[in-house]
Amino acid sequence: MSVTSPIDELFERTRAENRAALVGYLPAGFPTVDGSIRAIEAMVEAGVDLVEVGLPYSDPVMDGPTIQAAAEAALVNGTRVDDVFRVVEAASAAGAVTVVMTYWNPVERRGVDRFAADLAAAGGAGLITPDLIPDEATEWDRASRAHGLDRIFLVSPSSSDERLAMTADAASGFIYATAVMGVTGQREQTSSLAPELVGRLRKVTDKPVGVGLGVSNGAQAHEIAAFSDAVIVGSALVRCLLDQPDEASGLAAIRELAADLRAGVERD
């Protein structure tokens, strides 16, 4: 029997509204744990539908310099995994469907079942695992199902058709399509590879597809929303906090950007 998850319900709603969902990423603990909560509350108030809470990690191989800088600051400030769950609880309380994005090592270190139980208890809806492939996710598959969490795996333009089908079959909630080859970060233009990748996924699955990496403004969000189910934004939101001289200015910048992105995901 299939079970409708909070992420499933979100995509049912956004499809009924004829728009893409807006997904916003911020690392827990940057600039502080309480500061990251205030920043997430600001972007939810401005229109973000789904929050990705990043677990700061010392070897973030997929992340570009902006997110690396934020993660390093969070670690220097002493952010721990328990703090991540506190941020998840606050994001969920703010009204957003909330997932954690983490490399796999911290999950294994805490214990896979314990991590899943703690995430579910905090109100989390799932986990994005950039370095965990479905072939090696047996333990996570079992724990996530036991605790009612979605499994969000990544695909890239270099994924074979067979790989896309296998990953889509293993995923739940949505599939994270990385629109560019390389690390995260703002870009002048969105990737021309993204429409082709989403089109290839549409041939093997009817699950929602979110496109990430490189989106930094409403115009780019609008472009991607035309062919995807969700637009994922990370570095541009983090940059709002990095570039501003104080927290109040950073929160204002996040609200302004999130509102622009939200307008962008509306379809014509």
# chains A, B, ... in the order shown; residues from 1 in each chain; ligands from 1
$ residues_around --residues "region 113-117 of chain A" --least-positions-apart "5" --cutoff "12 Å" --atoms "only C-alpha atoms" --output "NGL selection string"
:A and (81-82 or 84-85 or 99-100 or 102 or 104-108 or 122-127 or 138-151)
$ write_last_selection --atoms "N, CA and C atoms" --output "short mmCIF file (atom, residue, chain, number, x, y, z; two decimals), in the first residue's frame"
data_model
loop_
_atom_site.label_atom_id
_atom_site.label_comp_id
_atom_site.auth_asym_id
_atom_site.auth_seq_id
_atom_site.Cartn_x
_atom_site.Cartn_y
_atom_site.Cartn_z
N VAL A 81 25.37 17.53 15.12
CA VAL A 81 24.22 16.91 14.47
C VAL A 81 22.93 17.20 15.25
N ASP A 82 23.01 17.22 16.57
CA ASP A 82 21.80 17.54 17.34
C ASP A 82 21.28 18.94 17.01
N VAL A 84 21.44 20.28 14.09
CA VAL A 84 20.75 20.14 12.80
C VAL A 84 19.29 19.74 13.02
N PHE A 85 19.07 18.82 13.93
CA PHE A 85 17.69 18.40 14.20
C PHE A 85 16.88 19.54 14.84
N VAL A 99 13.58 18.74 4.75
CA VAL A 99 14.46 17.58 4.58
C VAL A 99 15.87 17.98 5.00
N VAL A 100 16.70 16.98 5.23
CA VAL A 100 18.12 17.23 5.50
C VAL A 100 18.92 16.80 4.29
N THR A 102 22.70 15.77 3.43
CA THR A 102 23.94 15.42 4.13
C THR A 102 24.75 14.39 3.35
N TRP A 104 27.05 11.04 3.52
CA TRP A 104 26.62 9.83 4.19
C TRP A 104 27.38 9.55 5.48
N ASN A 105 28.62 9.99 5.56
CA ASN A 105 29.45 9.62 6.71
C ASN A 105 28.82 10.01 8.06
N PRO A 106 28.29 11.23 8.22
CA PRO A 106 27.66 11.57 9.51
C PRO A 106 26.47 10.68 9.87
N VAL A 107 25.75 10.19 8.86
CA VAL A 107 24.62 9.30 9.13
C VAL A 107 25.12 7.97 9.68
N GLU A 108 26.14 7.44 9.03
CA GLU A 108 26.72 6.17 9.50
C GLU A 108 27.31 6.32 10.90
N ALA A 122 12.04 15.02 14.73
CA ALA A 122 12.17 16.47 14.59
C ALA A 122 11.19 17.05 13.58
N GLY A 123 10.45 16.19 12.90
CA GLY A 123 9.50 16.68 11.90
C GLY A 123 10.03 16.66 10.49
N GLY A 124 11.19 16.05 10.29
CA GLY A 124 11.77 15.95 8.95
C GLY A 124 10.98 15.00 8.06
N ALA A 125 11.03 15.28 6.76
CA ALA A 125 10.26 14.48 5.81
C ALA A 125 11.13 13.56 4.97
N GLY A 126 12.44 13.78 4.97
CA GLY A 126 13.29 12.93 4.14
C GLY A 126 14.72 13.37 4.18
N LEU A 127 15.53 12.72 3.33
CA LEU A 127 16.97 12.96 3.32
C LEU A 127 17.47 12.99 1.89
N THR A 138 20.89 0.04 0.94
CA THR A 138 19.98 -0.94 1.54
C THR A 138 19.61 -0.59 2.98
N GLU A 139 20.61 -0.23 3.76
CA GLU A 139 20.36 0.08 5.17
C GLU A 139 19.50 1.33 5.31
N TRP A 140 19.80 2.35 4.46
CA TRP A 140 19.00 3.57 4.51
C TRP A 140 17.57 3.32 4.02
N ASP A 141 17.44 2.50 3.00
CA ASP A 141 16.12 2.18 2.48
C ASP A 141 15.26 1.57 3.61
N ARG A 142 15.84 0.66 4.34
CA ARG A 142 15.10 0.00 5.42
C ARG A 142 14.76 0.99 6.55
N ALA A 143 15.73 1.79 6.96
CA ALA A 143 15.50 2.72 8.07
C ALA A 143 14.51 3.82 7.68
N SER A 144 14.66 4.34 6.47
CA SER A 144 13.78 5.43 6.05
C SER A 144 12.33 4.96 5.94
N ARG A 145 12.15 3.74 5.44
CA ARG A 145 10.78 3.21 5.36
C ARG A 145 10.21 2.99 6.76
N ALA A 146 11.03 2.52 7.68
CA ALA A 146 10.57 2.25 9.05
C ALA A 146 10.11 3.53 9.75
N HIS A 147 10.72 4.67 9.36
CA HIS A 147 10.41 5.93 10.04
C HIS A 147 9.62 6.90 9.16
N GLY A 148 9.15 6.43 8.02
CA GLY A 148 8.28 7.25 7.18
C GLY A 148 8.98 8.41 6.51
N LEU A 149 10.24 8.22 6.11
CA LEU A 149 11.02 9.29 5.47
C LEU A 149 11.20 9.01 3.99
N ASP A 150 11.28 10.08 3.21
CA ASP A 150 11.54 9.93 1.79
C ASP A 150 13.03 9.83 1.50
N ARG A 151 13.36 9.17 0.39
CA ARG A 151 14.74 8.93 -0.05
C ARG A 151 14.97 9.70 -1.35
#
$ closest_atom_pairs --of "region 127-211 of chain A" --to "region 10-25 of chain A" --cutoff "9 Å" --atoms "only C-alpha atoms" --output "CSV"
residue,atom,partner,partner_atom,distance
A:Gly173,CA,A:Phe11,CA,8.7
A:Phe174,CA,A:Phe11,CA,8.9
A:Pro208,CA,A:Phe11,CA,7.3
A:Gly210,CA,A:Ala21,CA,8.4
$ residues_around --residues "Asp59 (chain A)" --least-positions-apart "2" --cutoff "9 Å" --atoms "only C-alpha atoms" --output "PyMOL selection string"
chain A and resi 57+61-62+68+103
$ write_last_selection --atoms "N, CA and C atoms" --output "PDB file, in the first residue's frame"
ATOM      1  N   TYR A  57      29.618  19.798   6.923  1.00  0.00           N
ATOM      2  CA  TYR A  57      30.514  18.653   6.802  1.00  0.00           C
ATOM      3  C   TYR A  57      31.886  19.159   6.378  1.00  0.00           C
ATOM      4  N   VAL A  61      32.397  17.513  -0.938  1.00  0.00           N
ATOM      5  CA  VAL A  61      32.951  17.387  -2.289  1.00  0.00           C
ATOM      6  C   VAL A  61      32.031  17.936  -3.382  1.00  0.00           C
ATOM      7  N   MET A  62      30.717  17.991  -3.123  1.00  0.00           N
ATOM      8  CA  MET A  62      29.806  18.475  -4.160  1.00  0.00           C
ATOM      9  C   MET A  62      29.593  19.982  -4.088  1.00  0.00           C
ATOM     10  N   GLN A  68      30.732  25.887   0.980  1.00  0.00           N
ATOM     11  CA  GLN A  68      31.883  25.448   1.785  1.00  0.00           C
ATOM     12  C   GLN A  68      32.206  26.470   2.875  1.00  0.00           C
ATOM     13  N   TYR A 103      26.046  14.496   3.493  1.00  0.00           N
ATOM     14  CA  TYR A 103      26.903  13.403   3.052  1.00  0.00           C
ATOM     15  C   TYR A 103      26.674  12.222   3.993  1.00  0.00           C
TER      16      TYR A 103
END
$ residues_around --residues "His222 (chain A)" --least-positions-apart "2" --cutoff "6 Å" --atoms "only C-alpha atoms" --output "PDB file with all heavy atoms, in the first residue's frame"
ATOM      1  N   ALA A 219      14.234  35.118 -12.618  1.00  0.00           N
ATOM      2  CA  ALA A 219      14.182  34.834 -14.055  1.00  0.00           C
ATOM      3  C   ALA A 219      14.687  33.423 -14.336  1.00  0.00           C
ATOM      4  O   ALA A 219      14.101  32.682 -15.142  1.00  0.00           O
ATOM      5  CB  ALA A 219      15.008  35.871 -14.811  1.00  0.00           C
ATOM      6  N   GLN A 220      15.778  33.032 -13.688  1.00  0.00           N
ATOM      7  CA  GLN A 220      16.293  31.672 -13.874  1.00  0.00           C
ATOM      8  C   GLN A 220      15.325  30.643 -13.295  1.00  0.00           C
ATOM      9  O   GLN A 220      15.125  29.574 -13.874  1.00  0.00           O
ATOM     10  CB  GLN A 220      17.667  31.545 -13.217  1.00  0.00           C
ATOM     11  CG  GLN A 220      18.762  32.342 -13.917  1.00  0.00           C
ATOM     12  CD  GLN A 220      20.100  32.247 -13.198  1.00  0.00           C
ATOM     13  OE1 GLN A 220      20.157  32.005 -11.991  1.00  0.00           O
ATOM     14  NE2 GLN A 220      21.178  32.459 -13.934  1.00  0.00           N
ATOM     15  N   ILE A 224      13.493  27.437 -15.330  1.00  0.00           N
ATOM     16  CA  ILE A 224      13.553  26.025 -14.932  1.00  0.00           C
ATOM     17  C   ILE A 224      12.176  25.497 -14.550  1.00  0.00           C
ATOM     18  O   ILE A 224      11.846  24.334 -14.798  1.00  0.00           O
ATOM     19  CB  ILE A 224      14.572  25.857 -13.792  1.00  0.00           C
ATOM     20  CG1 ILE A 224      15.984  26.061 -14.354  1.00  0.00           C
ATOM     21  CG2 ILE A 224      14.446  24.497 -13.121  1.00  0.00           C
ATOM     22  CD1 ILE A 224      17.088  25.937 -13.364  1.00  0.00           C
ATOM     23  N   ALA A 225      11.343  26.353 -13.959  1.00  0.00           N
ATOM     24  CA  ALA A 225       9.999  25.927 -13.559  1.00  0.00           C
ATOM     25  C   ALA A 225       9.149  25.517 -14.756  1.00  0.00           C
ATOM     26  O   ALA A 225       8.175  24.775 -14.601  1.00  0.00           O
ATOM     27  CB  ALA A 225       9.303  27.052 -12.793  1.00  0.00           C
ATOM     28  N   GLY A 264       9.153  33.696  -9.578  1.00  0.00           N
ATOM     29  CA  GLY A 264       9.714  33.028 -10.755  1.00  0.00           C
ATOM     30  C   GLY A 264       9.153  31.635 -10.989  1.00  0.00           C
ATOM     31  O   GLY A 264       9.067  31.191 -12.147  1.00  0.00           O
ATOM     32  N   VAL A 265       8.807  30.910  -9.933  1.00  0.00           N
ATOM     33  CA  VAL A 265       8.324  29.539 -10.135  1.00  0.00           C
ATOM     34  C   VAL A 265       6.867  29.497 -10.585  1.00  0.00           C
ATOM     35  O   VAL A 265       6.353  28.415 -10.912  1.00  0.00           O
ATOM     36  CB  VAL A 265       8.499  28.665  -8.865  1.00  0.00           C
ATOM     37  CG1 VAL A 265       9.957  28.593  -8.465  1.00  0.00           C
ATOM     38  CG2 VAL A 265       7.630  29.170  -7.715  1.00  0.00           C
TER      39      VAL A 265
END
$ closest_residue --among "A:Asp8, A:Asp135, A:Asp229, A:Glu247" --to "Arg38 (chain A)" --atoms "only C-alpha atoms"
A:Glu247
$ select_by_dssp --residues "region 20-232 of chain A" --states "alpha helix (DSSP H)" --output "short mmCIF file (atom, residue, chain, number, x, y, z; two decimals) with N, CA and C atoms, in the first residue's frame"
data_model
loop_
_atom_site.label_atom_id
_atom_site.label_comp_id
_atom_site.auth_asym_id
_atom_site.auth_seq_id
_atom_site.Cartn_x
_atom_site.Cartn_y
_atom_site.Cartn_z
N VAL A 33 23.44 28.75 15.08
CA VAL A 33 22.27 27.88 15.02
C VAL A 33 20.99 28.72 15.06
N ASP A 34 20.89 29.63 16.01
CA ASP A 34 19.69 30.48 16.07
C ASP A 34 19.58 31.38 14.84
N GLY A 35 20.73 31.84 14.33
CA GLY A 35 20.70 32.67 13.13
C GLY A 35 20.21 31.89 11.92
N SER A 36 20.60 30.63 11.81
CA SER A 36 20.12 29.83 10.67
C SER A 36 18.62 29.58 10.78
N ILE A 37 18.11 29.44 12.00
CA ILE A 37 16.66 29.29 12.18
C ILE A 37 15.93 30.55 11.73
N ARG A 38 16.45 31.70 12.12
CA ARG A 38 15.79 32.96 11.71
C ARG A 38 15.84 33.13 10.19
N ALA A 39 16.94 32.72 9.57
CA ALA A 39 17.06 32.84 8.12
C ALA A 39 16.08 31.91 7.41
N ILE A 40 15.93 30.71 7.93
CA ILE A 40 14.98 29.77 7.33
C ILE A 40 13.55 30.27 7.50
N GLU A 41 13.24 30.79 8.68
CA GLU A 41 11.90 31.34 8.89
C GLU A 41 11.63 32.49 7.90
N ALA A 42 12.66 33.30 7.62
CA ALA A 42 12.49 34.41 6.69
C ALA A 42 12.21 33.91 5.28
N MET A 43 12.94 32.88 4.85
CA MET A 43 12.72 32.44 3.47
C MET A 43 11.40 31.67 3.34
N VAL A 44 10.94 31.03 4.41
CA VAL A 44 9.63 30.38 4.35
C VAL A 44 8.53 31.44 4.28
N GLU A 45 8.66 32.48 5.09
CA GLU A 45 7.67 33.58 5.05
C GLU A 45 7.59 34.19 3.66
N PRO A 65 32.43 27.01 -3.39
CA PRO A 65 33.05 27.83 -2.34
C PRO A 65 32.06 28.54 -1.42
N THR A 66 30.90 28.93 -1.91
CA THR A 66 29.94 29.64 -1.06
C THR A 66 29.43 28.74 0.06
N ILE A 67 28.97 27.55 -0.30
CA ILE A 67 28.43 26.64 0.72
C ILE A 67 29.57 26.08 1.57
N GLN A 68 30.73 25.89 0.98
CA GLN A 68 31.88 25.45 1.78
C GLN A 68 32.21 26.47 2.88
N ALA A 69 32.17 27.75 2.52
CA ALA A 69 32.48 28.80 3.49
C ALA A 69 31.46 28.81 4.62
N ALA A 70 30.19 28.64 4.28
CA ALA A 70 29.15 28.63 5.31
C ALA A 70 29.28 27.39 6.20
N ALA A 71 29.55 26.24 5.60
CA ALA A 71 29.69 25.01 6.39
C ALA A 71 30.90 25.11 7.32
N GLU A 72 31.98 25.68 6.82
CA GLU A 72 33.17 25.82 7.66
C GLU A 72 32.88 26.73 8.86
N ALA A 73 32.16 27.83 8.59
CA ALA A 73 31.82 28.74 9.69
C ALA A 73 30.93 28.04 10.72
N ALA A 74 29.99 27.23 10.23
CA ALA A 74 29.10 26.50 11.15
C ALA A 74 29.89 25.52 12.02
N LEU A 75 30.86 24.86 11.41
CA LEU A 75 31.67 23.90 12.17
C LEU A 75 32.55 24.62 13.18
N VAL A 76 33.13 25.74 12.76
CA VAL A 76 33.96 26.52 13.68
C VAL A 76 33.13 26.99 14.86
N VAL A 81 25.37 17.53 15.12
CA VAL A 81 24.22 16.91 14.47
C VAL A 81 22.93 17.20 15.25
N ASP A 82 23.01 17.22 16.57
CA ASP A 82 21.80 17.54 17.34
C ASP A 82 21.28 18.94 17.01
N ASP A 83 22.19 19.86 16.70
CA ASP A 83 21.76 21.21 16.30
C ASP A 83 21.00 21.17 14.97
N VAL A 84 21.44 20.28 14.09
CA VAL A 84 20.75 20.14 12.80
C VAL A 84 19.29 19.74 13.02
N PHE A 85 19.07 18.82 13.93
CA PHE A 85 17.69 18.40 14.20
C PHE A 85 16.88 19.54 14.84
N ARG A 86 17.54 20.36 15.64
CA ARG A 86 16.83 21.52 16.21
C ARG A 86 16.40 22.48 15.11
N VAL A 87 17.26 22.66 14.11
CA VAL A 87 16.91 23.53 12.99
C VAL A 87 15.78 22.90 12.16
N VAL A 88 15.84 21.59 11.97
CA VAL A 88 14.76 20.90 11.25
C VAL A 88 13.43 21.12 11.97
N GLU A 89 13.43 20.99 13.27
CA GLU A 89 12.20 21.16 14.06
C GLU A 89 11.65 22.57 13.86
N ALA A 90 12.54 23.56 13.87
CA ALA A 90 12.10 24.94 13.71
C ALA A 90 11.58 25.20 12.29
N ALA A 91 12.25 24.63 11.29
CA ALA A 91 11.80 24.82 9.90
C ALA A 91 10.43 24.20 9.69
N SER A 92 10.24 23.02 10.25
CA SER A 92 8.94 22.37 10.13
C SER A 92 7.87 23.18 10.84
N ALA A 93 8.21 23.71 12.01
CA ALA A 93 7.25 24.53 12.76
C ALA A 93 6.91 25.82 12.01
N TRP A 104 27.05 11.04 3.52
CA TRP A 104 26.62 9.83 4.19
C TRP A 104 27.38 9.55 5.48
N ASN A 105 28.62 9.99 5.56
CA ASN A 105 29.45 9.62 6.71
C ASN A 105 28.82 10.01 8.06
N PRO A 106 28.29 11.23 8.22
CA PRO A 106 27.66 11.57 9.51
C PRO A 106 26.47 10.68 9.87
N VAL A 107 25.75 10.19 8.86
CA VAL A 107 24.62 9.30 9.13
C VAL A 107 25.12 7.97 9.68
N GLU A 108 26.14 7.44 9.03
CA GLU A 108 26.72 6.17 9.50
C GLU A 108 27.31 6.32 10.90
N ARG A 109 27.96 7.46 11.11
CA ARG A 109 28.63 7.66 12.40
C ARG A 109 27.61 7.71 13.54
N ARG A 110 26.46 8.33 13.30
CA ARG A 110 25.43 8.41 14.35
C ARG A 110 24.71 7.08 14.50
N VAL A 112 22.52 4.55 11.41
CA VAL A 112 21.52 4.85 10.38
C VAL A 112 20.11 4.89 10.97
N ASP A 113 19.75 3.89 11.77
CA ASP A 113 18.39 3.87 12.31
C ASP A 113 18.18 5.00 13.31
N ARG A 114 19.21 5.28 14.11
CA ARG A 114 19.07 6.38 15.08
C ARG A 114 18.91 7.71 14.36
N PHE A 115 19.69 7.92 13.28
CA PHE A 115 19.59 9.16 12.52
C PHE A 115 18.17 9.31 11.95
N ALA A 116 17.65 8.23 11.38
CA ALA A 116 16.31 8.28 10.80
C ALA A 116 15.26 8.57 11.87
N ALA A 117 15.40 7.93 13.02
CA ALA A 117 14.43 8.15 14.10
C ALA A 117 14.48 9.60 14.58
N ASP A 118 15.69 10.14 14.75
CA ASP A 118 15.83 11.52 15.22
C ASP A 118 15.29 12.52 14.19
N LEU A 119 15.54 12.24 12.91
CA LEU A 119 15.04 13.14 11.86
C LEU A 119 13.51 13.13 11.84
N ALA A 120 12.93 11.95 11.92
CA ALA A 120 11.47 11.87 11.93
C ALA A 120 10.88 12.55 13.16
N ALA A 121 11.52 12.36 14.31
CA ALA A 121 11.02 12.97 15.55
C ALA A 121 11.08 14.49 15.49
N THR A 138 20.89 0.04 0.94
CA THR A 138 19.98 -0.94 1.54
C THR A 138 19.61 -0.59 2.98
N GLU A 139 20.61 -0.23 3.76
CA GLU A 139 20.36 0.08 5.17
C GLU A 139 19.50 1.33 5.31
N TRP A 140 19.80 2.35 4.46
CA TRP A 140 19.00 3.57 4.51
C TRP A 140 17.57 3.32 4.02
N ASP A 141 17.44 2.50 3.00
CA ASP A 141 16.12 2.18 2.48
C ASP A 141 15.26 1.57 3.61
N ARG A 142 15.84 0.66 4.34
CA ARG A 142 15.10 0.00 5.42
C ARG A 142 14.76 0.99 6.55
N ALA A 143 15.73 1.79 6.96
CA ALA A 143 15.50 2.72 8.07
C ALA A 143 14.51 3.82 7.68
N SER A 144 14.66 4.34 6.47
CA SER A 144 13.78 5.43 6.05
C SER A 144 12.33 4.96 5.94
N ARG A 145 12.15 3.74 5.44
CA ARG A 145 10.78 3.21 5.36
C ARG A 145 10.21 2.99 6.76
N ALA A 146 11.03 2.52 7.68
CA ALA A 146 10.57 2.25 9.05
C ALA A 146 10.11 3.53 9.75
N ASP A 161 20.82 6.09 -19.24
CA ASP A 161 19.37 5.88 -19.15
C ASP A 161 19.04 4.78 -18.16
N GLU A 162 19.86 3.74 -18.13
CA GLU A 162 19.64 2.65 -17.18
C GLU A 162 19.80 3.15 -15.74
N ARG A 163 20.77 4.03 -15.55
CA ARG A 163 21.02 4.58 -14.22
C ARG A 163 19.86 5.49 -13.78
N LEU A 164 19.35 6.27 -14.71
CA LEU A 164 18.21 7.14 -14.40
C LEU A 164 17.01 6.31 -13.95
N ALA A 165 16.74 5.23 -14.68
CA ALA A 165 15.58 4.40 -14.36
C ALA A 165 15.76 3.73 -12.99
N MET A 166 16.94 3.22 -12.72
CA MET A 166 17.20 2.56 -11.44
C MET A 166 17.10 3.54 -10.28
N THR A 167 17.67 4.73 -10.46
CA THR A 167 17.63 5.74 -9.40
C THR A 167 16.21 6.22 -9.16
N ALA A 168 15.48 6.45 -10.23
CA ALA A 168 14.09 6.90 -10.09
C ALA A 168 13.24 5.87 -9.38
N ASP A 169 13.48 4.61 -9.66
CA ASP A 169 12.72 3.54 -9.01
C ASP A 169 13.01 3.49 -7.50
N ALA A 170 14.26 3.77 -7.13
CA ALA A 170 14.66 3.70 -5.72
C ALA A 170 14.25 4.94 -4.94
N LEU A 193 21.82 21.72 -20.21
CA LEU A 193 21.69 20.27 -20.05
C LEU A 193 20.46 19.89 -19.24
N ALA A 194 19.92 20.86 -18.47
CA ALA A 194 18.81 20.54 -17.57
C ALA A 194 17.55 20.07 -18.30
N PRO A 195 17.08 20.77 -19.33
CA PRO A 195 15.84 20.29 -20.00
C PRO A 195 16.00 18.88 -20.56
N GLU A 196 17.17 18.60 -21.12
CA GLU A 196 17.39 17.26 -21.68
C GLU A 196 17.38 16.20 -20.59
N LEU A 197 18.02 16.51 -19.46
CA LEU A 197 18.05 15.55 -18.35
C LEU A 197 16.65 15.28 -17.82
N VAL A 198 15.87 16.34 -17.62
CA VAL A 198 14.50 16.16 -17.13
C VAL A 198 13.67 15.38 -18.15
N GLY A 199 13.87 15.69 -19.42
CA GLY A 199 13.15 14.95 -20.46
C GLY A 199 13.47 13.46 -20.44
N ARG A 200 14.73 13.13 -20.21
CA ARG A 200 15.11 11.72 -20.13
C ARG A 200 14.47 11.06 -18.91
N LEU A 201 14.40 11.81 -17.80
CA LEU A 201 13.75 11.25 -16.60
C LEU A 201 12.25 11.02 -16.83
N ARG A 202 11.62 11.95 -17.55
CA ARG A 202 10.17 11.82 -17.80
C ARG A 202 9.86 10.53 -18.54
N GLY A 218 14.92 35.18 -9.90
CA GLY A 218 13.59 34.79 -10.31
C GLY A 218 13.48 34.43 -11.77
N ALA A 219 14.23 35.12 -12.62
CA ALA A 219 14.18 34.83 -14.05
C ALA A 219 14.69 33.42 -14.34
N GLN A 220 15.78 33.03 -13.69
CA GLN A 220 16.29 31.67 -13.87
C GLN A 220 15.33 30.64 -13.29
N ALA A 221 14.72 30.96 -12.14
CA ALA A 221 13.75 30.05 -11.55
C ALA A 221 12.56 29.85 -12.49
N HIS A 222 12.12 30.92 -13.12
CA HIS A 222 11.00 30.83 -14.05
C HIS A 222 11.36 29.94 -15.25
N GLU A 223 12.57 30.08 -15.72
CA GLU A 223 13.03 29.28 -16.86
C GLU A 223 13.01 27.79 -16.51
N ILE A 224 13.49 27.44 -15.33
CA ILE A 224 13.55 26.02 -14.93
C ILE A 224 12.18 25.50 -14.55
N ALA A 225 11.34 26.35 -13.96
CA ALA A 225 10.00 25.93 -13.56
C ALA A 225 9.15 25.52 -14.76
#
$ select_by_dssp --residues "region 54-115 of chain A" --states "strand (DSSP E)" --output "PyMOL selection string"
chain A and resi 54+97-101
